file upload-v1.txt (compact mmCIF, C-alpha atoms and all ligand atoms)
# COMPACT_ATOMS: atom_id res chain seq x y z
CA MET A 1 -30.62 -78.97 -75.66
CA THR A 2 -29.38 -75.48 -74.90
CA GLU A 3 -31.83 -72.81 -73.96
CA SER A 4 -29.25 -70.07 -74.33
CA LEU A 5 -29.13 -69.43 -78.07
CA TRP A 6 -30.77 -66.14 -79.06
CA HIS A 7 -31.77 -66.71 -82.68
CA PRO A 8 -31.36 -63.76 -85.06
CA PHE A 9 -34.44 -62.49 -86.92
CA SER A 10 -36.68 -64.39 -84.56
CA ASP A 11 -39.50 -63.97 -82.11
CA MET A 12 -37.87 -65.77 -79.22
CA SER A 13 -41.20 -66.13 -77.44
CA ALA A 14 -42.23 -68.41 -80.31
CA VAL A 15 -38.89 -70.16 -80.93
CA ALA A 16 -38.33 -70.93 -77.27
CA GLY A 17 -41.68 -72.73 -77.10
CA ASP A 18 -41.07 -74.93 -80.13
CA GLY A 19 -37.35 -75.51 -79.55
CA ALA A 20 -34.64 -75.29 -82.19
CA PHE A 21 -34.68 -77.22 -85.45
CA VAL A 22 -31.18 -78.65 -85.44
CA LEU A 23 -29.27 -79.58 -88.58
CA ALA A 24 -26.26 -81.83 -88.23
CA ARG A 25 -24.73 -82.32 -91.68
CA GLY A 26 -25.16 -81.69 -95.36
CA HIS A 27 -24.30 -83.06 -98.76
CA GLY A 28 -24.84 -81.30 -102.07
CA ALA A 29 -28.31 -79.75 -102.15
CA HIS A 30 -29.42 -81.70 -99.07
CA VAL A 31 -29.04 -81.33 -95.30
CA PHE A 32 -29.80 -83.78 -92.51
CA ASP A 33 -31.23 -83.19 -89.04
CA THR A 34 -29.86 -84.77 -85.90
CA SER A 35 -32.07 -87.83 -86.35
CA GLY A 36 -30.68 -88.34 -89.86
CA ARG A 37 -33.76 -87.14 -91.73
CA GLN A 38 -32.93 -85.64 -95.15
CA TYR A 39 -34.18 -82.28 -96.43
CA LEU A 40 -33.84 -80.56 -99.80
CA ASP A 41 -32.24 -77.15 -99.31
CA THR A 42 -34.08 -74.74 -101.62
CA THR A 43 -32.47 -71.61 -100.17
CA ALA A 44 -28.76 -72.52 -99.97
CA GLY A 45 -28.98 -71.72 -96.27
CA LEU A 46 -29.29 -67.96 -96.36
CA TRP A 47 -28.38 -67.62 -100.07
CA PHE A 48 -24.81 -68.77 -99.57
CA ALA A 49 -24.17 -72.52 -99.99
CA ASN A 50 -23.61 -72.14 -103.70
CA VAL A 51 -21.26 -75.10 -104.24
CA GLY A 52 -23.49 -77.22 -102.02
CA HIS A 53 -22.97 -78.67 -98.57
CA GLY A 54 -20.32 -81.05 -97.27
CA ARG A 55 -17.47 -80.23 -99.63
CA GLN A 56 -14.50 -82.08 -98.16
CA GLU A 57 -12.16 -80.16 -100.44
CA ILE A 58 -13.03 -76.88 -98.71
CA ALA A 59 -12.88 -78.50 -95.27
CA ASP A 60 -9.38 -79.82 -96.08
CA ALA A 61 -8.21 -76.40 -97.28
CA VAL A 62 -9.57 -74.81 -94.11
CA ALA A 63 -7.92 -77.41 -91.86
CA GLU A 64 -4.63 -77.14 -93.66
CA GLN A 65 -4.57 -73.35 -93.36
CA ALA A 66 -5.70 -73.41 -89.71
CA GLY A 67 -2.92 -75.83 -88.88
CA ARG A 68 -0.29 -73.71 -90.60
CA LEU A 69 -1.43 -70.21 -89.62
CA ALA A 70 -5.09 -69.46 -88.92
CA HIS A 71 -4.64 -65.70 -89.25
CA PHE A 72 -2.46 -62.86 -88.15
CA SER A 73 -3.48 -59.43 -89.47
CA THR A 74 -3.77 -57.56 -92.72
CA PHE A 75 -3.38 -54.09 -91.20
CA GLY A 76 -0.44 -52.07 -92.49
CA ASP A 77 1.74 -54.29 -94.67
CA TYR A 78 0.78 -57.66 -93.15
CA ALA A 79 -0.71 -60.45 -95.26
CA THR A 80 -0.76 -64.20 -95.68
CA PRO A 81 -0.21 -66.00 -99.01
CA ALA A 82 -3.84 -67.17 -99.09
CA THR A 83 -5.13 -63.62 -98.55
CA LEU A 84 -2.95 -62.20 -101.31
CA GLU A 85 -3.88 -64.98 -103.71
CA LEU A 86 -7.60 -64.63 -103.09
CA ALA A 87 -7.44 -60.85 -103.58
CA ASP A 88 -5.76 -61.38 -106.95
CA ARG A 89 -8.27 -64.05 -107.96
CA VAL A 90 -11.24 -61.88 -107.06
CA ALA A 91 -9.74 -58.78 -108.69
CA ALA A 92 -9.19 -60.76 -111.91
CA MET A 93 -12.90 -61.62 -112.11
CA ALA A 94 -14.21 -58.22 -110.92
CA PRO A 95 -16.67 -56.43 -113.22
CA VAL A 96 -14.27 -53.48 -113.48
CA ALA A 97 -10.68 -54.20 -114.50
CA GLY A 98 -8.02 -53.16 -112.03
CA SER A 99 -10.38 -53.22 -109.03
CA LYS A 100 -8.89 -53.39 -105.55
CA VAL A 101 -10.25 -55.89 -103.01
CA PHE A 102 -11.02 -54.86 -99.41
CA PHE A 103 -11.88 -57.93 -97.33
CA THR A 104 -14.56 -57.92 -94.64
CA SER A 105 -16.17 -60.51 -92.38
CA GLY A 106 -19.55 -60.63 -94.14
CA GLY A 107 -22.17 -58.75 -96.10
CA SER A 108 -23.10 -56.19 -93.46
CA ASP A 109 -19.42 -55.38 -93.03
CA SER A 110 -19.15 -54.89 -96.79
CA VAL A 111 -22.09 -52.47 -96.77
CA ASP A 112 -20.75 -50.41 -93.88
CA THR A 113 -17.25 -50.44 -95.34
CA ALA A 114 -18.72 -49.04 -98.56
CA LYS A 115 -20.70 -46.41 -96.72
CA LYS A 116 -17.61 -45.14 -94.92
CA LEU A 117 -15.39 -45.50 -97.97
CA ILE A 118 -17.75 -43.35 -100.04
CA ARG A 119 -17.84 -40.60 -97.41
CA ARG A 120 -14.06 -40.67 -97.13
CA TYR A 121 -13.69 -40.61 -100.92
CA TRP A 122 -15.82 -37.50 -101.39
CA GLN A 123 -14.21 -35.75 -98.44
CA ALA A 124 -10.75 -36.53 -99.84
CA LEU A 125 -11.82 -35.04 -103.16
CA GLY A 126 -12.95 -31.86 -101.40
CA HIS A 127 -16.68 -32.58 -101.64
CA PRO A 128 -17.89 -33.12 -98.07
CA GLU A 129 -21.30 -31.87 -99.19
CA ARG A 130 -21.81 -35.11 -101.12
CA ASP A 131 -23.27 -37.01 -98.19
CA VAL A 132 -26.67 -38.23 -99.40
CA ILE A 133 -27.10 -41.90 -100.27
CA ILE A 134 -30.02 -43.02 -102.40
CA VAL A 135 -31.55 -46.46 -101.85
CA ARG A 136 -34.50 -48.30 -103.36
CA GLU A 137 -37.75 -49.45 -101.83
CA ARG A 138 -37.53 -53.15 -100.87
CA ALA A 139 -33.75 -52.88 -100.50
CA TYR A 140 -31.81 -54.98 -97.99
CA HIS A 141 -28.30 -53.82 -97.23
CA GLY A 142 -27.45 -55.76 -94.12
CA MET A 143 -28.09 -55.22 -90.46
CA HIS A 144 -25.18 -53.15 -89.16
CA TRP A 145 -26.08 -49.62 -88.04
CA GLY A 146 -25.06 -48.16 -91.39
CA GLY A 147 -26.84 -50.81 -93.42
CA THR A 148 -29.98 -50.51 -91.31
CA SER A 149 -30.10 -46.81 -92.18
CA LEU A 150 -30.05 -47.84 -95.86
CA ALA A 151 -32.95 -50.26 -95.54
CA GLY A 152 -35.71 -50.02 -98.11
CA ILE A 153 -37.72 -52.49 -96.03
CA ASP A 154 -39.60 -50.56 -93.35
CA ALA A 155 -39.85 -53.58 -91.06
CA ASN A 156 -36.05 -53.65 -90.84
CA ARG A 157 -35.68 -49.90 -90.41
CA ASN A 158 -38.45 -49.20 -87.89
CA GLY A 159 -38.00 -49.15 -84.14
CA TYR A 160 -34.61 -47.48 -83.88
CA GLY A 161 -35.49 -43.82 -84.20
CA ASP A 162 -32.90 -41.59 -85.81
CA LEU A 163 -30.10 -43.62 -87.38
CA GLY A 164 -28.13 -40.48 -88.07
CA SER A 165 -27.72 -40.78 -91.77
CA THR A 166 -28.68 -38.87 -94.87
CA VAL A 167 -30.59 -41.43 -96.86
CA VAL A 168 -33.27 -40.89 -99.50
CA ARG A 169 -35.46 -43.68 -100.80
CA VAL A 170 -36.68 -44.05 -104.38
CA ALA A 171 -39.01 -46.44 -106.21
CA TRP A 172 -37.39 -49.82 -106.79
CA ASP A 173 -38.20 -49.95 -110.51
CA ASP A 174 -38.37 -46.41 -111.83
CA ALA A 175 -35.27 -44.70 -113.25
CA ASP A 176 -37.28 -41.48 -113.76
CA ASP A 177 -37.94 -41.36 -110.03
CA LEU A 178 -34.21 -41.75 -109.42
CA ALA A 179 -33.44 -38.91 -111.84
CA ALA A 180 -36.10 -36.65 -110.33
CA THR A 181 -34.88 -37.40 -106.81
CA ILE A 182 -31.29 -36.55 -107.69
CA ASP A 183 -32.54 -33.28 -109.23
CA ARG A 184 -34.60 -32.49 -106.15
CA VAL A 185 -31.80 -33.23 -103.68
CA GLY A 186 -29.24 -31.57 -105.95
CA ALA A 187 -26.74 -33.72 -107.85
CA GLN A 188 -23.82 -32.10 -106.02
CA ARG A 189 -25.24 -33.42 -102.71
CA VAL A 190 -25.59 -37.06 -103.75
CA ALA A 191 -22.71 -39.38 -102.89
CA ALA A 192 -23.94 -42.74 -104.14
CA PHE A 193 -26.79 -44.96 -105.24
CA PHE A 194 -26.97 -48.43 -103.67
CA CYS A 195 -28.56 -51.07 -105.89
CA GLU A 196 -29.11 -54.80 -105.63
CA PRO A 197 -29.17 -55.82 -109.33
CA VAL A 198 -31.82 -58.32 -108.32
CA ILE A 199 -33.50 -57.42 -105.02
CA GLY A 200 -33.15 -60.46 -102.78
CA ALA A 201 -34.40 -60.39 -99.20
CA GLY A 202 -37.03 -57.81 -100.17
CA GLY A 203 -38.85 -60.51 -102.15
CA VAL A 204 -36.72 -61.34 -105.26
CA TRP A 205 -37.66 -58.51 -107.57
CA PHE A 206 -35.87 -57.88 -110.85
CA ALA A 207 -36.62 -54.44 -112.25
CA GLY A 208 -35.34 -55.40 -115.70
CA THR A 209 -32.30 -54.69 -117.81
CA ASP A 210 -33.79 -51.50 -119.17
CA TYR A 211 -34.29 -50.10 -115.66
CA LEU A 212 -30.72 -50.96 -114.66
CA THR A 213 -29.25 -49.45 -117.82
CA ARG A 214 -31.21 -46.24 -117.41
CA ALA A 215 -30.54 -45.93 -113.69
CA ARG A 216 -26.83 -46.44 -114.35
CA ALA A 217 -26.86 -43.68 -116.96
CA VAL A 218 -28.69 -41.32 -114.58
CA CYS A 219 -26.03 -41.84 -111.90
CA ARG A 220 -23.17 -41.45 -114.34
CA ALA A 221 -24.59 -38.17 -115.67
CA ALA A 222 -24.95 -36.81 -112.13
CA GLY A 223 -21.53 -37.96 -110.96
CA VAL A 224 -23.19 -40.24 -108.39
CA LEU A 225 -21.24 -43.38 -107.44
CA TRP A 226 -22.89 -46.67 -108.31
CA VAL A 227 -22.76 -49.37 -105.64
CA SER A 228 -23.85 -52.83 -106.73
CA ASP A 229 -24.83 -54.78 -103.63
CA GLU A 230 -24.01 -58.27 -104.87
CA VAL A 231 -23.93 -59.98 -101.49
CA ILE A 232 -26.48 -62.43 -102.92
CA THR A 233 -25.80 -62.18 -106.65
CA GLY A 234 -21.99 -62.18 -106.50
CA PHE A 235 -20.03 -65.27 -107.55
CA GLY A 236 -22.52 -66.83 -109.87
CA ARG A 237 -26.09 -66.65 -108.58
CA THR A 238 -27.38 -64.91 -111.74
CA GLY A 239 -25.46 -67.19 -114.11
CA GLU A 240 -22.55 -64.77 -114.52
CA TRP A 241 -19.76 -64.23 -111.99
CA PHE A 242 -21.40 -60.90 -111.14
CA ALA A 243 -24.82 -59.52 -112.02
CA SER A 244 -23.04 -56.22 -112.68
CA THR A 245 -21.25 -57.93 -115.56
CA ARG A 246 -24.39 -59.61 -116.84
CA PHE A 247 -26.24 -56.29 -116.93
CA GLY A 248 -23.31 -54.08 -117.96
CA LEU A 249 -23.40 -51.89 -114.86
CA ASP A 250 -19.75 -50.79 -114.71
CA PRO A 251 -20.01 -50.40 -110.92
CA ASP A 252 -17.85 -48.09 -108.83
CA LEU A 253 -18.13 -50.51 -105.92
CA VAL A 254 -19.29 -54.11 -105.69
CA LEU A 255 -20.31 -55.53 -102.31
CA THR A 256 -19.89 -59.26 -101.81
CA ALA A 257 -19.92 -61.97 -99.14
CA LYS A 258 -21.88 -65.26 -99.06
CA GLY A 259 -20.86 -66.85 -102.41
CA LEU A 260 -17.21 -65.85 -101.95
CA THR A 261 -16.74 -68.82 -99.61
CA SER A 262 -20.15 -70.47 -100.14
CA GLY A 263 -20.52 -69.79 -96.42
CA TYR A 264 -17.95 -72.38 -95.32
CA VAL A 265 -16.22 -69.62 -93.36
CA PRO A 266 -17.65 -66.09 -92.95
CA MET A 267 -16.04 -63.62 -95.33
CA GLY A 268 -16.96 -60.67 -97.51
CA ALA A 269 -15.18 -58.33 -99.89
CA VAL A 270 -15.70 -54.88 -101.35
CA LEU A 271 -14.44 -54.56 -104.91
CA VAL A 272 -13.36 -50.98 -105.51
CA SER A 273 -12.90 -49.57 -109.00
CA PRO A 274 -9.56 -47.87 -109.79
CA THR A 275 -11.19 -44.41 -109.86
CA VAL A 276 -12.59 -44.70 -106.34
CA ALA A 277 -9.46 -46.43 -105.03
CA GLU A 278 -7.17 -43.70 -106.38
CA PRO A 279 -7.19 -41.20 -103.47
CA PHE A 280 -6.57 -44.11 -101.08
CA TYR A 281 -3.62 -45.27 -103.15
CA ASP A 282 -2.01 -41.95 -104.20
CA GLY A 283 -1.46 -40.62 -100.68
CA THR A 284 -4.38 -38.17 -100.61
CA VAL A 285 -6.16 -40.00 -97.78
CA GLY A 286 -3.07 -41.25 -96.01
CA VAL A 287 -3.91 -43.97 -93.48
CA TRP A 288 -7.53 -44.97 -93.94
CA ARG A 289 -8.40 -45.88 -90.38
CA HIS A 290 -10.87 -48.62 -91.25
CA GLY A 291 -10.71 -52.41 -91.27
CA TYR A 292 -11.51 -55.46 -89.23
CA THR A 293 -9.45 -57.91 -87.19
CA TYR A 294 -10.58 -60.63 -89.55
CA SER A 295 -10.25 -58.67 -92.84
CA GLY A 296 -8.59 -61.17 -95.16
CA HIS A 297 -8.66 -63.92 -92.53
CA ALA A 298 -6.30 -66.63 -93.76
CA VAL A 299 -8.64 -69.57 -93.07
CA ALA A 300 -11.52 -67.75 -94.77
CA ALA A 301 -9.24 -66.94 -97.70
CA ALA A 302 -8.28 -70.62 -98.00
CA ALA A 303 -11.99 -71.49 -98.03
CA GLY A 304 -12.57 -68.82 -100.68
CA LEU A 305 -9.81 -70.16 -102.91
CA ALA A 306 -11.10 -73.73 -102.64
CA ASN A 307 -14.65 -72.52 -103.28
CA LEU A 308 -13.68 -70.57 -106.41
CA ALA A 309 -11.67 -73.55 -107.66
CA ILE A 310 -14.78 -75.75 -107.39
CA LEU A 311 -17.00 -73.18 -109.11
CA GLU A 312 -14.52 -72.98 -111.99
CA ARG A 313 -13.65 -76.66 -112.30
CA GLU A 314 -17.27 -77.81 -112.21
CA HIS A 315 -18.47 -74.93 -114.40
CA LEU A 316 -21.13 -74.14 -111.82
CA VAL A 317 -21.75 -70.58 -113.02
CA GLU A 318 -22.53 -71.92 -116.49
CA ARG A 319 -24.73 -74.51 -114.79
CA VAL A 320 -26.72 -71.73 -113.12
CA ARG A 321 -27.28 -70.11 -116.51
CA ALA A 322 -28.47 -73.45 -117.89
CA LEU A 323 -30.76 -74.05 -114.89
CA GLU A 324 -32.29 -70.57 -115.16
CA SER A 325 -35.01 -71.64 -117.59
CA VAL A 326 -35.24 -75.13 -116.10
CA ALA A 327 -36.09 -73.63 -112.71
CA SER A 328 -38.57 -71.21 -114.25
CA GLN A 329 -40.32 -74.03 -116.09
CA ALA A 330 -40.41 -76.23 -113.00
CA LEU A 331 -41.98 -73.46 -110.90
CA ALA A 332 -44.30 -72.04 -113.58
CA PRO A 333 -47.26 -74.39 -112.92
CA LEU A 334 -47.43 -73.10 -109.33
CA ALA A 335 -48.56 -69.73 -110.67
CA ASP A 336 -51.91 -71.36 -111.52
CA HIS A 337 -52.51 -72.49 -107.97
CA PRO A 338 -55.30 -70.48 -106.28
CA LEU A 339 -53.08 -69.84 -103.27
CA VAL A 340 -50.25 -68.40 -105.37
CA GLU A 341 -50.28 -64.80 -106.50
CA GLN A 342 -47.30 -65.04 -108.83
CA VAL A 343 -43.99 -66.77 -109.38
CA ARG A 344 -41.04 -64.43 -109.89
CA SER A 345 -38.17 -66.20 -111.65
CA GLY A 346 -35.96 -66.04 -114.70
CA THR A 347 -32.70 -64.49 -113.49
CA GLY A 348 -30.26 -67.24 -112.60
CA LEU A 349 -31.14 -69.48 -109.68
CA LEU A 350 -33.20 -66.83 -107.94
CA ALA A 351 -36.96 -66.93 -107.58
CA ALA A 352 -39.84 -66.24 -105.23
CA ILE A 353 -43.24 -67.84 -104.94
CA ALA A 354 -45.61 -65.07 -103.88
CA LEU A 355 -48.56 -66.41 -101.90
CA ASP A 356 -52.15 -65.26 -102.17
CA PRO A 357 -52.41 -61.84 -100.47
CA GLN A 358 -56.05 -62.38 -99.46
CA ARG A 359 -55.25 -65.60 -97.68
CA ARG A 360 -52.26 -63.97 -96.03
CA ALA A 361 -54.47 -61.08 -94.87
CA THR A 362 -56.94 -63.41 -93.19
CA ASP A 363 -54.24 -65.78 -91.93
CA PRO A 364 -51.06 -63.85 -91.04
CA ALA A 365 -49.22 -67.10 -90.27
CA PHE A 366 -50.04 -68.53 -93.70
CA SER A 367 -46.49 -68.30 -95.15
CA GLN A 368 -45.13 -69.95 -92.00
CA ARG A 369 -47.73 -72.66 -92.37
CA VAL A 370 -46.57 -73.34 -95.93
CA VAL A 371 -42.95 -73.47 -94.79
CA ALA A 372 -43.91 -75.85 -91.97
CA GLY A 373 -45.77 -78.04 -94.45
CA LEU A 374 -42.73 -78.14 -96.70
CA ARG A 375 -40.44 -79.01 -93.82
CA ALA A 376 -42.76 -81.85 -92.80
CA ARG A 377 -42.36 -83.18 -96.34
CA GLY A 378 -38.57 -82.90 -96.39
CA VAL A 379 -38.09 -79.51 -98.04
CA LEU A 380 -36.50 -76.47 -96.38
CA SER A 381 -37.80 -73.06 -97.46
CA ARG A 382 -38.27 -69.69 -95.81
CA PRO A 383 -40.66 -66.76 -96.15
CA LEU A 384 -39.26 -63.42 -97.25
CA VAL A 385 -40.44 -60.13 -95.77
CA ASP A 386 -43.39 -59.93 -98.18
CA GLY A 387 -44.48 -63.47 -97.30
CA SER A 388 -43.20 -64.97 -100.55
CA LEU A 389 -41.09 -68.12 -100.49
CA GLN A 390 -37.40 -67.71 -101.22
CA VAL A 391 -36.02 -69.97 -103.95
CA SER A 392 -32.23 -69.86 -104.21
CA PRO A 393 -30.93 -73.42 -104.14
CA PRO A 394 -27.29 -74.51 -104.26
CA PHE A 395 -25.96 -74.44 -107.82
CA VAL A 396 -25.59 -78.24 -107.72
CA ILE A 397 -29.34 -78.82 -107.52
CA ASP A 398 -30.69 -80.81 -110.46
CA GLU A 399 -33.82 -80.69 -112.55
CA ALA A 400 -35.42 -83.62 -110.73
CA ASP A 401 -35.06 -81.89 -107.36
CA LEU A 402 -36.46 -78.64 -108.75
CA LYS A 403 -39.51 -80.53 -110.04
CA THR A 404 -39.88 -82.40 -106.75
CA PHE A 405 -39.81 -79.09 -104.90
CA ALA A 406 -42.53 -77.64 -107.14
CA ALA A 407 -44.69 -80.76 -106.78
CA ILE A 408 -44.35 -80.84 -102.99
CA THR A 409 -45.15 -77.12 -102.79
CA ALA A 410 -48.32 -77.70 -104.82
CA ASP A 411 -49.20 -80.58 -102.52
CA VAL A 412 -48.71 -78.45 -99.39
CA LEU A 413 -50.81 -75.66 -100.89
CA ASP A 414 -53.55 -78.15 -101.83
CA ASP A 415 -53.71 -79.23 -98.21
CA LEU A 416 -54.05 -75.61 -97.14
CA THR A 417 -56.75 -74.78 -99.65
CA ASP A 418 -60.20 -73.86 -98.30
CA GLY A 419 -58.78 -72.68 -95.01
CA GLY A 420 -57.02 -75.95 -94.16
CA THR A 421 -54.31 -75.71 -91.55
CA ARG A 422 -52.87 -79.22 -91.65
CA PRO A 423 -49.11 -78.82 -92.08
N1 LIG B 501 -26.63 -57.05 -98.64
C1 LIG B 501 -27.49 -57.90 -99.20
C2 LIG B 501 -28.03 -57.61 -100.57
C3 LIG B 501 -27.88 -59.07 -98.54
O1 LIG B 501 -28.77 -59.90 -99.09
C4 LIG B 501 -27.33 -59.34 -97.26
C5 LIG B 501 -27.72 -60.56 -96.52
O2 LIG B 501 -28.59 -61.29 -96.91
C6 LIG B 501 -26.45 -58.41 -96.71
C7 LIG B 501 -26.11 -57.29 -97.42
C8 LIG B 501 -25.87 -58.63 -95.33
O3 LIG B 501 -25.04 -59.75 -95.31
P1 LIG B 501 -24.69 -60.48 -93.91
O4 LIG B 501 -25.95 -61.11 -93.43
O5 LIG B 501 -23.62 -61.47 -94.31
O6 LIG B 501 -24.16 -59.46 -92.98
call {"tool": "encode", "arguments": {"input": "upload-v1.txt", "output": "structure tokens", "more": "lines below"}}
Ligand code: PLP
result
Amino acid sequence: MTESLWHPFSDMSAVAGDGAFVLARGHGAHVFDTSGRQYLDTTAGLWFANVGHGRQEIADAVAEQAGRLAHFSTFGDYATPATLELADRVAAMAPVAGSKVFFTSGGSDSVDTAKKLIRRYWQALGHPERDVIIVRERAYHGMHWGGTSLAGIDANRNGYGDLGSTVVRVAWDDADDLAATIDRVGAQRVAAFFCEPVIGAGGVWFAGTDYLTRARAVCRAAGVLWVSDEVITGFGRTGEWFASTRFGLDPDLVLTAKGLTSGYVPMGAVLVSPTVAEPFYDGTVGVWRHGYTYSGHAVAAAAGLANLAILEREHLVERVRALESVASQALAPLADHPLVEQVRSGTGLLAAIALDPQRRATDPAFSQRVVAGLRARGVLSRPLVDGSLQVSPPFVIDEADLKTFAAITADVLDDLTDGGTRP
């Protein structure tokens, strides 16, 4: 067993003591550890394994592409057939017709690409003063330097000092606060508003269709670009290809990653509306000196194409919409448990089980204890930053597994009632 791996988002003093939990293979909504023990995956890894694990079809597409040409470059006029095809496929399903597709290597790349693209756009239009970005409380926009500056989660933002960015934070659920903030800053100073249609890592919070509609109108009236961060919600998680489509957001930019390849190979994409793309396409900007070695990576593109083919052929996005109420009903009884504060669900296959705040205050490791109890009973979960349990299973999960998950969670919580610590 290696002692060299530095785990992300981890307290290595704790992980090193316990050793790594090593997963060896997966199939559908299940994964298996190195001893062959099976676990139900209720999080799709980190919100990405949407078509489920162990898809030979994607593995074959990846192997075939790697054997032919793994990648070359997409700088200048270079491309591979797979990259071109995936760009066309993604553009055809984009929330805004005629969108251009800028490939990245993951979600944080997509966020930082958007941040730079927006600056460059306003400068090209002769408005360098538009440099303020507005973000929401609870927001997660990746962990690159730029994305960290956009964090609405203090725990992710603290400890770095000045991140050198003009960012203003607003309430996560109040369009009036957004409007007042834009007025206060001055509309002519505001470049963009970043918005997860459903807040994910911040605890799975949906501010409602009315909020989104009003916030969108506020931005439109002020000439502020709307950025939908759909790194989690993109490619089906809310029961529509994009949450921006489901909620009629008409986004200027859409940030994606995870579900584009279901995580089989790292890849992200920024979908850019024709209006924002224009100065980059009409010669105003000239060479935009931005991009990554692996932008449009051919093997990743092959994985993306195979992934989208599965989603379409198996009607998995429709399946998510059908499972939306099934999942809510399966989880609803947990809300009555004394150790549960609330269950947040009802938008696609996205939910959170918020644990009792009093118990968490007296026992800071409580969420971890619940997760450990679930793991001991063959269920993989994870606590979000607010201590709630993330629920975002692969789209192939079925009703029986959702009910099993809820029952096992209740069982684990029963064991932890009255101060119990038995995992
Ligand atoms: N944006 C959102 C909304 C996310 O949820 C994430 C990751 O969870 C990111 C950006 C960053 O993506 P990545 O971890 O692939 O860099």
call {"tool": "atom_distance", "arguments": {"input": "upload-v1.txt", "atom1": "atom O2 of ligand LIG 501 (chain B)", "atom2": "atom CA of A:Phe21"}}
result
20.5 Å
call {"tool": "residues_around", "arguments": {"input": "upload-v1.txt", "residues": "stretch 68-79 of chain A", "least_positions_apart": "3", "cutoff": "9 Å", "atoms": "all atoms listed in the file", "output": "VMD selection string"}}
result
chain A and resid 62 to 65 82 to 84 287 291 to 300
call {"tool": "write_last_selection", "arguments": {"input": "upload-v1.txt", "atoms": "C-alpha atoms", "output": "tab-separated table (two decimals), keeping the file's coordinate frame"}}
result
chain	number	residue	atom	x	y	z
A	62	VAL	CA	-9.57	-74.81	-94.11
A	63	ALA	CA	-7.92	-77.41	-91.86
A	64	GLU	CA	-4.63	-77.14	-93.66
A	65	GLN	CA	-4.57	-73.35	-93.36
A	82	ALA	CA	-3.84	-67.17	-99.09
A	83	THR	CA	-5.13	-63.62	-98.55
A	84	LEU	CA	-2.95	-62.20	-101.31
A	287	VAL	CA	-3.91	-43.97	-93.48
A	291	GLY	CA	-10.71	-52.41	-91.27
A	292	TYR	CA	-11.51	-55.46	-89.23
A	293	THR	CA	-9.45	-57.91	-87.19
A	294	TYR	CA	-10.58	-60.63	-89.55
A	295	SER	CA	-10.25	-58.67	-92.84
A	296	GLY	CA	-8.59	-61.17	-95.16
A	297	HIS	CA	-8.66	-63.92	-92.53
A	298	ALA	CA	-6.30	-66.63	-93.76
A	299	VAL	CA	-8.64	-69.57	-93.07
A	300	ALA	CA	-11.52	-67.75	-94.77
call {"tool": "residues_near_ligand", "arguments": {"input": "upload-v1.txt", "ligand": "ligand LIG 501 (chain B)", "cutoff": "8 Å", "atoms": "all atoms listed in the file", "output": "PDB file with C-alpha atoms, in the coordinates of the input"}}
result
ATOM      1  CA  LEU A  46     -29.290 -67.960 -96.360  1.00  0.00           C
ATOM      2  CA  TRP A  47     -28.380 -67.620-100.070  1.00  0.00           C
ATOM      3  CA  SER A 105     -16.170 -60.510 -92.380  1.00  0.00           C
ATOM      4  CA  GLY A 106     -19.550 -60.630 -94.140  1.00  0.00           C
ATOM      5  CA  GLY A 107     -22.170 -58.750 -96.100  1.00  0.00           C
ATOM      6  CA  SER A 108     -23.100 -56.190 -93.460  1.00  0.00           C
ATOM      7  CA  ASP A 109     -19.420 -55.380 -93.030  1.00  0.00           C
ATOM      8  CA  SER A 110     -19.150 -54.890 -96.790  1.00  0.00           C
ATOM      9  CA  VAL A 111     -22.090 -52.470 -96.770  1.00  0.00           C
ATOM     10  CA  ALA A 139     -33.750 -52.880-100.500  1.00  0.00           C
ATOM     11  CA  TYR A 140     -31.810 -54.980 -97.990  1.00  0.00           C
ATOM     12  CA  HIS A 141     -28.300 -53.820 -97.230  1.00  0.00           C
ATOM     13  CA  GLY A 142     -27.450 -55.760 -94.120  1.00  0.00           C
ATOM     14  CA  MET A 143     -28.090 -55.220 -90.460  1.00  0.00           C
ATOM     15  CA  HIS A 144     -25.180 -53.150 -89.160  1.00  0.00           C
ATOM     16  CA  GLY A 147     -26.840 -50.810 -93.420  1.00  0.00           C
ATOM     17  CA  GLU A 196     -29.110 -54.800-105.630  1.00  0.00           C
ATOM     18  CA  ILE A 199     -33.500 -57.420-105.020  1.00  0.00           C
ATOM     19  CA  GLY A 200     -33.150 -60.460-102.780  1.00  0.00           C
ATOM     20  CA  ALA A 201     -34.400 -60.390 -99.200  1.00  0.00           C
ATOM     21  CA  ASP A 229     -24.830 -54.780-103.630  1.00  0.00           C
ATOM     22  CA  GLU A 230     -24.010 -58.270-104.870  1.00  0.00           C
ATOM     23  CA  VAL A 231     -23.930 -59.980-101.490  1.00  0.00           C
ATOM     24  CA  ILE A 232     -26.480 -62.430-102.920  1.00  0.00           C
ATOM     25  CA  THR A 233     -25.800 -62.180-106.650  1.00  0.00           C
ATOM     26  CA  LEU A 255     -20.310 -55.530-102.310  1.00  0.00           C
ATOM     27  CA  THR A 256     -19.890 -59.260-101.810  1.00  0.00           C
ATOM     28  CA  ALA A 257     -19.920 -61.970 -99.140  1.00  0.00           C
ATOM     29  CA  LYS A 258     -21.880 -65.260 -99.060  1.00  0.00           C
ATOM     30  CA  PRO A 266     -17.650 -66.090 -92.950  1.00  0.00           C
ATOM     31  CA  MET A 267     -16.040 -63.620 -95.330  1.00  0.00           C
ATOM     32  CA  GLY A 268     -16.960 -60.670 -97.510  1.00  0.00           C
TER      33      GLY A 268
END
call {"tool": "closest_residue", "arguments": {"input": "upload-v1.txt", "among": "A:Lys100, A:His27, A:Arg130, A:Arg359", "to": "A:Val51", "atoms": "all atoms listed in the file"}}
result
A:His27
